[in-house]
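Reproduced below: target39.tsv, with TSV, C-alpha atoms.
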```
chain	number	residue	atom	x	y	z
A	291	MET	CA	8.09	18.39	29.91
A	292	ARG	CA	6.51	17.48	26.57
A	293	SER	CA	5.64	20.31	24.20
A	294	ASN	CA	2.04	20.79	23.04
A	295	ILE	CA	2.88	19.46	19.59
A	296	VAL	CA	4.40	16.25	21.02
A	297	ARG	CA	1.43	15.73	23.37
A	298	ASP	CA	-0.97	16.19	20.47
A	299	LEU	CA	0.88	13.67	18.32
A	300	LEU	CA	0.93	11.06	21.10
A	301	HIS	CA	-2.77	11.64	21.73
A	302	ARG	CA	-3.57	11.03	18.05
A	303	LEU	CA	-1.40	7.92	17.91
A	304	ALA	CA	-3.13	6.57	21.02
A	305	ALA	CA	-6.57	7.27	19.54
A	306	ASP	CA	-5.67	5.08	16.54
A	307	ARG	CA	-3.95	2.50	18.79
A	308	ARG	CA	-0.78	2.82	16.74
A	309	HIS	CA	2.43	1.16	17.87
A	310	VAL	CA	4.45	2.55	14.97
A	311	VAL	CA	4.70	5.95	13.29
A	312	SER	CA	6.59	7.16	10.23
A	313	ASP	CA	7.85	10.66	9.58
A	314	TRP	CA	5.24	11.23	6.86
A	315	ARG	CA	2.35	10.03	9.07
A	316	ALA	CA	3.49	12.31	11.89
A	317	MET	CA	3.50	15.15	9.36
A	318	ILE	CA	-0.11	14.42	8.34
A	319	LEU	CA	-1.38	13.95	11.91
A	320	LEU	CA	0.17	17.22	13.02
A	321	GLN	CA	-1.14	19.06	9.98
A	322	ARG	CA	-4.63	17.84	10.94
A	323	ALA	CA	-4.08	19.23	14.41
A	324	ALA	CA	-2.83	22.54	12.97
A	325	ARG	CA	-6.15	23.17	11.24
A	326	THR	CA	-7.72	23.74	14.66
A	327	LEU	CA	-5.04	26.21	15.81
A	328	GLU	CA	-4.61	29.92	15.38
A	329	PRO	CA	-2.61	30.86	12.27
A	330	SER	CA	0.34	31.96	14.42
A	331	SER	CA	0.55	28.46	15.95
A	332	ARG	CA	0.16	26.48	12.72
A	333	ALA	CA	3.75	27.14	11.71
A	334	GLN	CA	4.91	24.68	14.36
A	335	ALA	CA	3.42	21.73	12.45
A	336	PRO	CA	5.95	20.11	10.07
A	337	ARG	CA	5.20	20.45	6.35
A	338	THR	CA	7.67	17.84	5.13
A	339	ALA	CA	8.66	14.33	6.22
A	340	ALA	CA	12.17	15.64	6.91
A	341	GLU	CA	10.81	18.26	9.31
A	342	ALA	CA	8.67	15.62	11.03
A	343	LYS	CA	11.69	13.31	11.32
A	344	ARG	CA	13.58	15.97	13.26
A	345	LEU	CA	10.66	16.16	15.72
A	346	LEU	CA	10.52	12.37	16.01
A	347	ASP	CA	14.25	12.21	16.66
A	348	ARG	CA	13.75	14.62	19.55
A	349	MET	CA	11.01	12.31	20.84
A	350	VAL	CA	13.51	9.44	20.69
A	351	ALA	CA	15.87	11.41	22.88
A	352	ALA	CA	12.98	12.09	25.30
A	353	GLY	CA	12.11	8.38	25.53
A	354	ASP	CA	8.76	8.48	23.70
A	355	LEU	CA	9.90	6.62	20.58
A	356	ARG	CA	12.51	4.12	19.46
A	357	PRO	CA	13.82	3.94	15.85
A	358	LEU	CA	13.19	0.65	14.07
A	359	GLU	CA	16.22	-1.18	12.75
A	360	HIS	CA	16.87	-1.09	9.00
A	361	ILE	CA	14.01	1.37	8.22
A	362	VAL	CA	14.88	5.05	8.21
A	363	GLY	CA	12.08	7.35	9.32
A	364	VAL	CA	9.91	4.71	11.05
A	365	TYR	CA	9.67	4.54	14.85
A	366	GLU	CA	8.18	2.33	17.54
A	367	VAL	CA	5.99	4.10	20.09
A	368	ILE	CA	7.17	3.19	23.62
A	369	VAL	CA	4.90	5.30	25.83
A	370	PRO	CA	2.70	3.20	28.20
A	371	TYR	CA	-0.44	2.85	26.00
A	372	ALA	CA	1.61	1.13	23.30
A	373	ASP	CA	2.65	-1.69	25.64
A	374	VAL	CA	-0.61	-3.46	24.80
A	375	GLY	CA	-0.40	-5.65	21.71
A	376	GLY	CA	3.11	-4.78	20.55
A	377	VAL	CA	4.50	-3.98	17.13
A	378	GLY	CA	3.24	-6.06	14.20
A	379	GLU	CA	4.91	-6.64	10.84
A	380	LEU	CA	1.95	-5.38	8.82
A	381	GLU	CA	1.71	-2.18	10.83
A	382	VAL	CA	5.36	-1.49	10.08
A	383	LEU	CA	4.87	-2.40	6.42
A	384	MET	CA	2.10	0.19	6.06
A	385	GLU	CA	4.51	2.91	7.22
A	386	THR	CA	7.14	2.15	4.59
A	387	GLN	CA	5.38	3.95	1.73
A	388	PRO	CA	2.00	5.20	0.48
A	389	CYS	CA	1.08	2.55	-2.10
A	390	VAL	CA	2.00	-0.72	-0.43
A	391	ALA	CA	-0.40	-3.64	-0.03
A	392	ALA	CA	0.29	-6.89	1.81
A	393	SER	CA	-0.17	-9.68	-0.73
A	394	HIS	CA	0.40	-13.30	-1.79
A	395	HIS	CA	1.23	-15.71	1.07
A	396	THR	CA	1.02	-12.86	3.61
A	397	ALA	CA	-2.48	-11.99	2.42
A	398	MET	CA	-3.53	-15.65	2.46
A	399	ALA	CA	-2.58	-15.85	6.13
A	400	PHE	CA	-4.30	-12.53	6.87
A	401	HIS	CA	-7.58	-13.74	5.30
A	402	ASP	CA	-7.36	-17.18	6.97
A	403	LEU	CA	-7.03	-18.89	3.59
A	404	THR	CA	-4.19	-20.96	5.03
A	405	ASP	CA	-2.93	-22.08	8.42
A	406	ASP	CA	0.66	-21.45	7.31
A	407	GLN	CA	2.91	-18.97	9.06
A	408	PRO	CA	4.72	-17.40	6.08
A	409	LYS	CA	8.47	-17.00	6.49
A	410	VAL	CA	8.56	-14.02	4.11
A	411	ILE	CA	6.50	-10.83	4.11
A	412	HIS	CA	5.03	-10.29	0.63
A	413	ALA	CA	4.28	-6.72	-0.40
A	414	THR	CA	2.97	-5.37	-3.72
A	415	VAL	CA	3.42	-1.83	-5.04
A	416	PRO	CA	2.53	-0.23	-8.39
A	417	THR	CA	5.44	0.77	-10.60
A	418	GLU	CA	3.95	4.24	-11.08
A	419	HIS	CA	2.07	6.61	-8.82
A	420	GLY	CA	-1.72	6.72	-9.14
A	421	ASP	CA	-4.92	6.45	-7.15
A	422	PHE	CA	-3.16	4.52	-4.38
A	423	ASP	CA	-0.83	7.38	-3.47
A	424	VAL	CA	-3.04	8.04	-0.44
A	425	PRO	CA	-1.74	5.83	2.41
A	426	PRO	CA	-4.15	3.83	4.59
A	427	GLY	CA	-5.56	5.92	7.41
A	428	THR	CA	-5.29	9.18	5.46
A	429	SER	CA	-7.51	10.98	2.95
A	430	PRO	CA	-6.86	12.93	-0.27
A	431	GLU	CA	-7.65	16.11	1.67
A	432	ASP	CA	-4.74	15.35	4.02
A	433	TRP	CA	-2.33	15.49	1.08
A	434	ALA	CA	-3.61	18.64	-0.61
A	435	ASP	CA	-0.58	20.92	-1.10
A	436	MET	CA	1.61	18.45	0.81
A	437	PRO	CA	4.68	16.63	-0.59
A	438	ARG	CA	4.36	12.98	-1.53
A	439	ALA	CA	5.24	10.48	1.19
A	440	PRO	CA	8.69	8.92	0.70
A	441	ALA	CA	8.79	5.32	-0.54
A	442	ARG	CA	11.01	2.86	1.31
A	443	PHE	CA	11.79	-0.73	0.40
A	444	PRO	CA	13.30	-2.39	3.49
A	445	ALA	CA	14.88	-5.79	2.94
A	446	GLU	CA	13.45	-6.99	6.25
A	447	ILE	CA	10.89	-6.00	8.87
A	448	LEU	CA	11.32	-7.08	12.48
A	449	GLY	CA	13.85	-9.66	11.34
A	450	ARG	CA	11.61	-11.19	8.65
A	451	PRO	CA	12.65	-10.79	4.98
A	452	VAL	CA	10.40	-8.81	2.64
A	453	ARG	CA	9.75	-9.78	-0.98
A	454	TRP	CA	8.63	-6.79	-3.03
A	455	HIS	CA	6.32	-7.39	-6.01
A	456	ARG	CA	6.11	-4.50	-8.50
A	457	VAL	CA	3.14	-4.39	-10.87
A	458	GLN	CA	1.82	-1.99	-13.48
A	459	PRO	CA	-0.83	0.38	-12.06
A	460	GLN	CA	-3.59	-1.25	-14.12
A	461	ARG	CA	-2.75	-4.56	-12.42
A	462	PHE	CA	-3.00	-3.14	-8.90
A	463	GLY	CA	-6.73	-3.90	-8.56
A	464	GLY	CA	-8.37	-6.03	-5.93
A	465	VAL	CA	-6.97	-4.21	-2.92
A	466	GLY	CA	-8.94	-3.40	0.24
A	467	GLU	CA	-8.46	-1.55	3.51
A	468	TYR	CA	-8.95	-3.36	6.81
A	469	ALA	CA	-8.67	-2.29	10.45
A	470	PRO	CA	-8.63	-5.38	12.69
A	471	GLU	CA	-6.49	-3.64	15.33
A	472	GLY	CA	-7.88	-0.11	15.00
A	473	TRP	CA	-5.30	1.24	12.54
A	474	SER	CA	-5.83	0.85	8.79
A	475	LEU	CA	-3.87	-1.48	6.55
A	476	ARG	CA	-4.07	-2.33	2.87
A	477	VAL	CA	-4.23	-5.97	1.80
A	478	THR	CA	-5.16	-7.69	-1.45
A	479	THR	CA	-8.74	-8.96	-1.21
A	480	PRO	CA	-9.39	-12.70	-0.84
A	481	GLU	CA	-10.36	-12.83	-4.52
A	482	ARG	CA	-7.22	-11.05	-5.72
A	483	THR	CA	-5.06	-13.11	-3.36
A	484	LEU	CA	-6.39	-16.36	-4.80
A	485	LEU	CA	-5.79	-15.10	-8.35
A	486	ASP	CA	-2.21	-14.26	-7.40
A	487	GLY	CA	-1.95	-17.81	-6.11
A	488	LEU	CA	-2.83	-19.23	-9.53
A	489	SER	CA	-0.42	-16.83	-11.25
A	490	ASP	CA	2.50	-17.23	-8.83
A	491	PRO	CA	1.84	-20.26	-6.59
A	492	GLU	CA	5.35	-20.34	-5.15
A	493	ALA	CA	4.81	-16.85	-3.68
A	494	CYS	CA	1.67	-18.16	-1.98
A	495	GLY	CA	2.97	-21.29	-0.28
A	496	GLY	CA	2.77	-23.65	-3.24
A	497	ILE	CA	-0.07	-24.84	-5.46
A	498	GLY	CA	-1.43	-27.21	-2.80
A	499	THR	CA	-1.81	-24.33	-0.35
A	500	VAL	CA	-3.43	-22.22	-3.08
A	501	LEU	CA	-6.00	-24.85	-4.10
A	502	ARG	CA	-6.89	-25.54	-0.45
A	503	GLY	CA	-7.38	-21.80	-0.08
A	504	TRP	CA	-9.84	-21.78	-2.98
A	505	ALA	CA	-11.75	-24.69	-1.45
A	506	LYS	CA	-11.75	-23.13	2.02
A	507	SER	CA	-13.21	-19.87	0.73
A	508	ARG	CA	-15.72	-21.43	-1.67
A	509	ASP	CA	-18.85	-20.22	0.13
A	510	LEU	CA	-17.47	-16.71	0.72
A	511	LEU	CA	-16.12	-15.87	-2.72
A	512	ASP	CA	-17.55	-12.94	-4.67
A	513	VAL	CA	-17.63	-14.54	-8.11
A	514	ASN	CA	-18.56	-11.27	-9.84
A	515	ALA	CA	-15.56	-9.55	-8.24
A	516	LEU	CA	-13.35	-12.46	-9.31
A	517	VAL	CA	-14.51	-12.25	-12.91
A	518	GLN	CA	-14.01	-8.49	-12.97
A	519	LEU	CA	-10.45	-8.87	-11.68
A	520	VAL	CA	-9.65	-11.60	-14.21
A	521	GLU	CA	-10.86	-9.33	-17.02
A	522	GLN	CA	-8.79	-6.45	-15.63
A	523	LEU	CA	-5.65	-8.60	-15.51
A	524	ASP	CA	-6.44	-9.82	-19.06
A	525	VAL	CA	-4.32	-12.99	-19.10
A	526	GLY	CA	-5.79	-15.79	-21.20
A	527	VAL	CA	-4.42	-18.72	-19.21
A	528	LEU	CA	-5.68	-17.14	-15.97
A	529	ARG	CA	-9.21	-17.29	-17.42
A	530	GLN	CA	-8.67	-21.00	-18.07
A	531	ARG	CA	-7.38	-21.65	-14.56
A	532	VAL	CA	-10.10	-19.68	-12.82
A	533	GLY	CA	-12.85	-21.16	-14.96
A	534	PHE	CA	-11.65	-24.69	-14.24
A	535	VAL	CA	-11.24	-24.08	-10.50
A	536	LEU	CA	-14.62	-22.41	-10.05
A	537	GLU	CA	-16.49	-25.05	-12.04
A	538	THR	CA	-14.75	-27.78	-10.04
A	539	LEU	CA	-16.06	-26.01	-6.93
A	540	ALA	CA	-19.56	-26.00	-8.53
A	541	LEU	CA	-19.57	-22.23	-9.03
A	542	THR	CA	-20.69	-20.67	-12.31
A	543	HIS	CA	-20.74	-17.35	-14.14
A	544	GLU	CA	-22.07	-16.19	-17.48
A	545	SER	CA	-18.54	-15.32	-18.65
A	546	PHE	CA	-17.33	-18.91	-18.47
A	547	GLU	CA	-18.54	-19.98	-21.93
A	548	ARG	CA	-16.84	-16.99	-23.54
A	549	TRP	CA	-13.66	-17.76	-21.61
A	550	ARG	CA	-13.82	-21.41	-22.60
A	551	ALA	CA	-14.33	-20.57	-26.26
A	552	GLY	CA	-11.15	-18.49	-26.19
A	553	ALA	CA	-9.07	-21.11	-24.37
A	554	LYS	CA	-5.94	-22.18	-26.21
A	555	ARG	CA	-3.95	-25.36	-25.99
A	556	GLY	CA	-0.22	-25.13	-25.48
A	557	GLY	CA	2.66	-25.60	-23.11
A	558	SER	CA	1.68	-22.55	-21.05
A	559	SER	CA	-1.89	-23.77	-20.53
A	560	ARG	CA	-1.18	-25.38	-17.18
A	561	LEU	CA	-3.07	-25.23	-13.90
A	562	CYS	CA	0.16	-24.71	-11.96
A	563	ALA	CA	2.30	-22.02	-13.53
A	564	SER	CA	5.52	-23.24	-11.89
A	565	ALA	CA	5.23	-26.99	-12.66
A	566	PRO	CA	5.96	-28.89	-15.89
A	567	TYR	CA	3.23	-29.77	-18.38
A	568	ALA	CA	1.36	-33.00	-17.50
A	569	ALA	CA	-0.67	-35.41	-19.64
A	570	THR	CA	-3.72	-35.27	-17.34
A	571	TYR	CA	-6.00	-32.81	-19.05
A	572	SER	CA	-9.24	-30.82	-18.89
A	573	GLU	CA	-10.69	-30.98	-22.39
A	574	ARG	CA	-13.31	-28.36	-21.54
A	575	TRP	CA	-10.70	-25.79	-20.47
A	576	SER	CA	-7.79	-26.96	-22.69
A	577	LEU	CA	-5.77	-27.06	-19.47
A	578	SER	CA	-3.03	-29.40	-18.31
A	579	LEU	CA	-3.90	-30.51	-14.76
A	580	ASN	CA	-0.31	-30.61	-13.58
A	581	ALA	CA	-1.15	-30.35	-9.88
A	582	PRO	CA	-3.19	-32.50	-7.45
A	583	ILE	CA	-6.80	-31.28	-7.55
A	584	ASP	CA	-8.18	-33.53	-4.81
A	585	ALA	CA	-8.71	-30.59	-2.47
A	586	LEU	CA	-10.95	-28.92	-5.06
A	587	GLN	CA	-12.89	-32.07	-5.89
A	588	ARG	CA	-13.53	-32.97	-2.25
A	589	GLY	CA	-13.94	-29.35	-1.11
A	590	GLU	CA	-11.29	-29.85	1.57
A	591	ALA	CA	-10.37	-26.84	3.68
```
Could you take the file, read its structure, and then write that structure out as structure tokens?
Amino acid sequence: MRSNIVRDLLHRLAADRRHVVSDWRAMILLQRAARTLEPSSRAQAPRTAAEAKRLLDRMVAAGDLRPLEHIVGVYEVIVPYADVGGVGELEVLMETQPCVAASHHTAMAFHDLTDDQPKVIHATVPTEHGDFDVPPGTSPEDWADMPRAPARFPAEILGRPVRWHRVQPQRFGGVGEYAPEGWSLRVTTPERTLLDGLSDPEACGGIGTVLRGWAKSRDLLDVNALVQLVEQLDVGVLRQRVGFVLETLALTHESFERWRAGAKRGGSSRLCASAPYAATYSERWSLSLNAPIDALQRGEA
């Protein structure tokens, strides 16, 4: 027979339609439950991820959970409600650590900016703790007086390799929370994803995929948000690339003339960061057009 604490945890997982649970999330969910109990009963709720893991291991023995391969402290829920839908890579990714965001090619696929099926899961984390310490699906109040969630960097998830991108906290902007399946996940926004594509096209399926993504999203882009992110990232050549791409898509912003005035010629002033310098040139943006721009000019999706 299941204990009250196990039944409560399974009820909360079912309410969120979760197929996966980590030790730290179980800790938070059970601490939420404990707030409604008498003080004498609250002591049963785990106060650390290690305590929660011991409970989850007992649930494995009882047939409620199954440990995921290669990721310590993360479990698949195998009670009947979880048979619907199955375990997804992004749901597992969100359980690995508090600050993670799906990004690059993975985010392009999530936002329908490409029809590709990425072979690698791309995940971005800040190099230092900050405002994103609160994992998706939790609140700052959940973590008051609680230990920080452990950070895990699995080399693969459900058999698919993971590429981890580490960025300075000030460069971790342009991240949103989404809940297409009921549970929350953190993904770079379409605007940030497209900027990452211009900075690291090979991590986003190649420059052709990136430029088609810009064209496909033309009518949905938040240009003000894009400009704000570019200023936050503060990379001169990124201003040149974004200015050229947006003007080619017939989109404008008051910042463009200031960006253009600060544009510099040079070997690094290339539309595609990973391709050699080419003679084809944008005089207005002092930018080598070293990648096919037909998709932008024709607005192809």
Counting all atoms listed in the file, the residue of A:Gly552, A:Gly463, A:Arg560, A:Asp405 that sits nearest Leu488 of chain A: A:Arg560
Centre and edges of the segment 517-528 of chain A box, axis-aligned, 4 Å extra per side, as JSON:
```
{"center_x": -9.4, "center_y": -12.6, "center_z": -16.4, "size_x": 18.2, "size_y": 20.3, "size_z": 17.5}
```
Smallest atom-to-atom distance to Thr386 of chain A: which of A:Arg315, A:His455, A:Arg348, A:Arg550, using all atoms listed in the file?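 So, comparing all the options, the nearest one is A:Arg315.
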Quick one: residues within 9 Å of Trp549 of chain A, only C-alpha atoms counted, chain neighbours fewer than 6 positions away excluded, as a list of chain:residue names?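 Listed by chain and then number, they are A:Gly526, A:Arg529, A:Gln530, A:Gly533, A:Trp575.
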Can I get the selection written as an mmCIF file, in the frame of the given file, with C-alpha atoms?
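Dumped everything to again-v5.cif:
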```
data_model
loop_
_atom_site.group_PDB
_atom_site.id
_atom_site.type_symbol
_atom_site.label_atom_id
_atom_site.label_comp_id
_atom_site.auth_asym_id
_atom_site.auth_seq_id
_atom_site.Cartn_x
_atom_site.Cartn_y
_atom_site.Cartn_z
ATOM 1 C CA GLY A 526 -5.790 -15.790 -21.200
ATOM 2 C CA ARG A 529 -9.210 -17.290 -17.420
ATOM 3 C CA GLN A 530 -8.670 -21.000 -18.070
ATOM 4 C CA GLY A 533 -12.850 -21.160 -14.960
ATOM 5 C CA TRP A 575 -10.700 -25.790 -20.470
#
```
Just checking: using only C-alpha atoms, which residue out of A:Arg302, A:Lys506, A:His401, A:His360 ends up closest to Leu586 of chain A?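 So, comparing all the options, the nearest one is A:Lys506.
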Given all atoms listed in the file as the counted atoms, nearest of A:Ile497, A:Leu485, A:Ile361, A:Ala399 to Ile447 of chain A: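 Of A:Ile497, A:Leu485, A:Ile361, A:Ala399, the one nearest Ile447 of chain A is A:Ile361, counting all atoms listed in the file.
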What's the separation between atom CA of Pro566 of chain A and atom CA of Ala585 of chain A, in Å to one decimal place?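 One can read the atom CA of Pro566 of chain A to atom CA of Ala585 of chain A distance as 20.0 Å.
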Do you have the atom CA of Tyr371 of chain A-atom CA of Val310 of chain A distance handy?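 Atom CA of Val310 of chain A lies at a distance of 12.1 Å from atom CA of Tyr371 of chain A.
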So which one's closest to Asp584 of chain A, A:Thr417, A:Thr538, A:Ser572, A:Ser564? Using only C-alpha atoms, please.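 Looking only at the distances to Asp584 of chain A, the closest residue turns out to be A:Thr538.
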Just give me the gap between atom CA of Val477 of chain A and atom CA of Val513 of chain A in Å, one decimal is fine. 18.7 Å
For His395 of chain A, which residue among A:Thr542, A:Gln321, A:Ser559, A:Thr499 is the nearest when counting all atoms listed in the file?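 The closest residue to His395 of chain A is A:Thr499.
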If you count only C-alpha atoms, which residues fall within 7 Å of Lys409 of chain A, apart from same-chain ones fewer than 2 positions away, as number ranges by chain? A: 407, 411, 450
Tell me, counting all atoms listed in the file, for each residue of segment 302-326 of chain A within 10 Å of segment 419-440 of chain A, which pair of atoms is nearest and how far apart they are in Å to one decimal, in rows ordered by chain and increasing number, as a tab-separated table.
```
residue	atom	partner	partner_atom	distance
A:Asp306	CA	A:Gly427	CA	9.2
A:Ser312	CA	A:Ala439	CA	9.7
A:Asp313	CA	A:Ala439	CA	8.8
A:Trp314	CA	A:Ala439	CA	5.7
A:Arg315	CA	A:Ala439	CA	8.4
A:Met317	CA	A:Met436	CA	9.4
A:Ile318	CA	A:Asp432	CA	6.4
A:Leu319	CA	A:Asp432	CA	8.7
A:Gln321	CA	A:Asp432	CA	7.9
A:Arg322	CA	A:Asp432	CA	7.4
```
I'd like the neighbourhood of Arg308 of chain A as a list in words, where a residue qualifies if any of its atoms comes within 10 Å (using only C-alpha atoms), though same-chain residues fewer than 5 positions away should be ignored.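 So, after excluding close chain neighbours, the residues are Leu300, Arg302, Leu303, Glu366, Val367, Tyr371, Ala372, Gly375, Gly376, Val377, Glu381, Glu471, Gly472, Trp473 and Ser474 of chain A.
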Generate a file of the selected residues that holds C-alpha atoms, formatted as a PDB file, keeping the file's coordinate frame.
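Contents of selection_21.pdb, as written:
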```
ATOM      1  CA  LEU A 300       0.930  11.060  21.100  1.00  0.00           C
ATOM      2  CA  ARG A 302      -3.570  11.030  18.050  1.00  0.00           C
ATOM      3  CA  LEU A 303      -1.400   7.920  17.910  1.00  0.00           C
ATOM      4  CA  GLU A 366       8.180   2.330  17.540  1.00  0.00           C
ATOM      5  CA  VAL A 367       5.990   4.100  20.090  1.00  0.00           C
ATOM      6  CA  TYR A 371      -0.440   2.850  26.000  1.00  0.00           C
ATOM      7  CA  ALA A 372       1.610   1.130  23.300  1.00  0.00           C
ATOM      8  CA  GLY A 375      -0.400  -5.650  21.710  1.00  0.00           C
ATOM      9  CA  GLY A 376       3.110  -4.780  20.550  1.00  0.00           C
ATOM     10  CA  VAL A 377       4.500  -3.980  17.130  1.00  0.00           C
ATOM     11  CA  GLU A 381       1.710  -2.180  10.830  1.00  0.00           C
ATOM     12  CA  GLU A 471      -6.490  -3.640  15.330  1.00  0.00           C
ATOM     13  CA  GLY A 472      -7.880  -0.110  15.000  1.00  0.00           C
ATOM     14  CA  TRP A 473      -5.300   1.240  12.540  1.00  0.00           C
ATOM     15  CA  SER A 474      -5.830   0.850   8.790  1.00  0.00           C
TER      16      SER A 474
END
```
Could you list, as a ChimeraX atom specification, every residue within 12 Å of Arg502 of chain A, counting all atoms listed in the file and ignoring same-chain residues fewer than 6 positions away? /A:398,402-406,484,487-488,491,494-496,508,535,539,582-591
Which residues, protein or nucleic acid, reach to within 6 Å of (0.1, -13.0, -2.7) in the file's coordinates when using all atoms listed in the file, and can you give that as an mmCIF file with C-alpha atoms, in the frame of the given file?
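Below is the file selection.cif, written as the result:
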```cif
data_model
loop_
_atom_site.group_PDB
_atom_site.id
_atom_site.type_symbol
_atom_site.label_atom_id
_atom_site.label_comp_id
_atom_site.auth_asym_id
_atom_site.auth_seq_id
_atom_site.Cartn_x
_atom_site.Cartn_y
_atom_site.Cartn_z
ATOM 1 C CA SER A 393 -0.170 -9.680 -0.730
ATOM 2 C CA HIS A 394 0.400 -13.300 -1.790
ATOM 3 C CA HIS A 395 1.230 -15.710 1.070
ATOM 4 C CA ALA A 397 -2.480 -11.990 2.420
ATOM 5 C CA THR A 483 -5.060 -13.110 -3.360
ATOM 6 C CA ASP A 486 -2.210 -14.260 -7.400
ATOM 7 C CA CYS A 494 1.670 -18.160 -1.980
#
```
Selection: 10 Å around Thr570 of chain A, all atoms listed in the file, excl. self and same-chain fewer than 4 positions, as a list in words: Leu577, Ser578, Leu579, Asn580 and Ala581 of chain A
Export all heavy atoms of segment 305-311 of chain A from the structure just given, as a CSV table (one decimal), in the first residue's frame?
```
chain,number,residue,atom,x,y,z
A,305,ALA,N,-1.4,15.9,-11.8
A,305,ALA,CA,-2.0,17.2,-12.1
A,305,ALA,C,-1.3,18.0,-13.1
A,305,ALA,O,-1.8,18.8,-13.9
A,305,ALA,CB,-2.2,18.0,-10.8
A,306,ASP,N,0.1,17.9,-13.1
A,306,ASP,CA,0.9,18.6,-14.0
A,306,ASP,C,1.2,17.8,-15.3
A,306,ASP,O,1.9,18.3,-16.2
A,306,ASP,CB,2.3,19.0,-13.4
A,306,ASP,CG,2.2,20.1,-12.3
A,306,ASP,OD1,1.1,20.7,-12.3
A,306,ASP,OD2,3.1,20.2,-11.6
A,307,ARG,N,0.7,16.6,-15.4
A,307,ARG,CA,0.9,15.7,-16.5
A,307,ARG,C,2.3,15.4,-16.8
A,307,ARG,O,2.8,15.4,-17.9
A,307,ARG,CB,0.2,16.3,-17.8
A,307,ARG,CG,-1.3,16.4,-17.7
A,307,ARG,CD,-1.9,16.7,-19.0
A,307,ARG,NE,-1.7,18.1,-19.4
A,307,ARG,CZ,-2.1,18.6,-20.6
A,307,ARG,NH1,-2.7,17.9,-21.5
A,307,ARG,NH2,-1.8,19.9,-20.8
A,308,ARG,N,3.1,15.3,-15.7
A,308,ARG,CA,4.5,15.0,-15.8
A,308,ARG,C,4.8,13.5,-16.0
A,308,ARG,O,4.2,12.7,-15.4
A,308,ARG,CB,5.2,15.5,-14.5
A,308,ARG,CG,5.2,17.0,-14.4
A,308,ARG,CD,6.1,17.4,-13.2
A,308,ARG,NE,6.1,18.9,-13.2
A,308,ARG,CZ,6.9,19.7,-13.9
A,308,ARG,NH1,7.7,19.2,-14.8
A,308,ARG,NH2,6.8,21.0,-13.8
A,309,HIS,N,5.7,13.3,-16.9
A,309,HIS,CA,6.2,11.9,-17.2
A,309,HIS,C,7.5,11.6,-16.5
A,309,HIS,O,8.0,10.5,-16.5
A,309,HIS,CB,6.3,11.6,-18.7
A,309,HIS,CG,5.0,11.8,-19.4
A,309,HIS,ND1,4.5,13.0,-19.9
A,309,HIS,CD2,4.0,10.9,-19.7
A,309,HIS,CE1,3.4,12.9,-20.4
A,309,HIS,NE2,3.0,11.6,-20.4
A,310,VAL,N,8.1,12.7,-16.0
A,310,VAL,CA,9.5,12.6,-15.4
A,310,VAL,C,9.5,13.4,-14.2
A,310,VAL,O,8.9,14.5,-14.1
A,310,VAL,CB,10.5,13.2,-16.4
A,310,VAL,CG1,11.9,13.1,-15.8
A,310,VAL,CG2,10.5,12.4,-17.7
A,311,VAL,N,10.3,13.0,-13.2
A,311,VAL,CA,10.5,13.8,-12.0
A,311,VAL,C,11.9,13.6,-11.5
A,311,VAL,O,12.5,12.5,-11.5
A,311,VAL,CB,9.5,13.4,-10.9
A,311,VAL,CG1,9.7,11.9,-10.4
A,311,VAL,CG2,9.5,14.3,-9.7
```
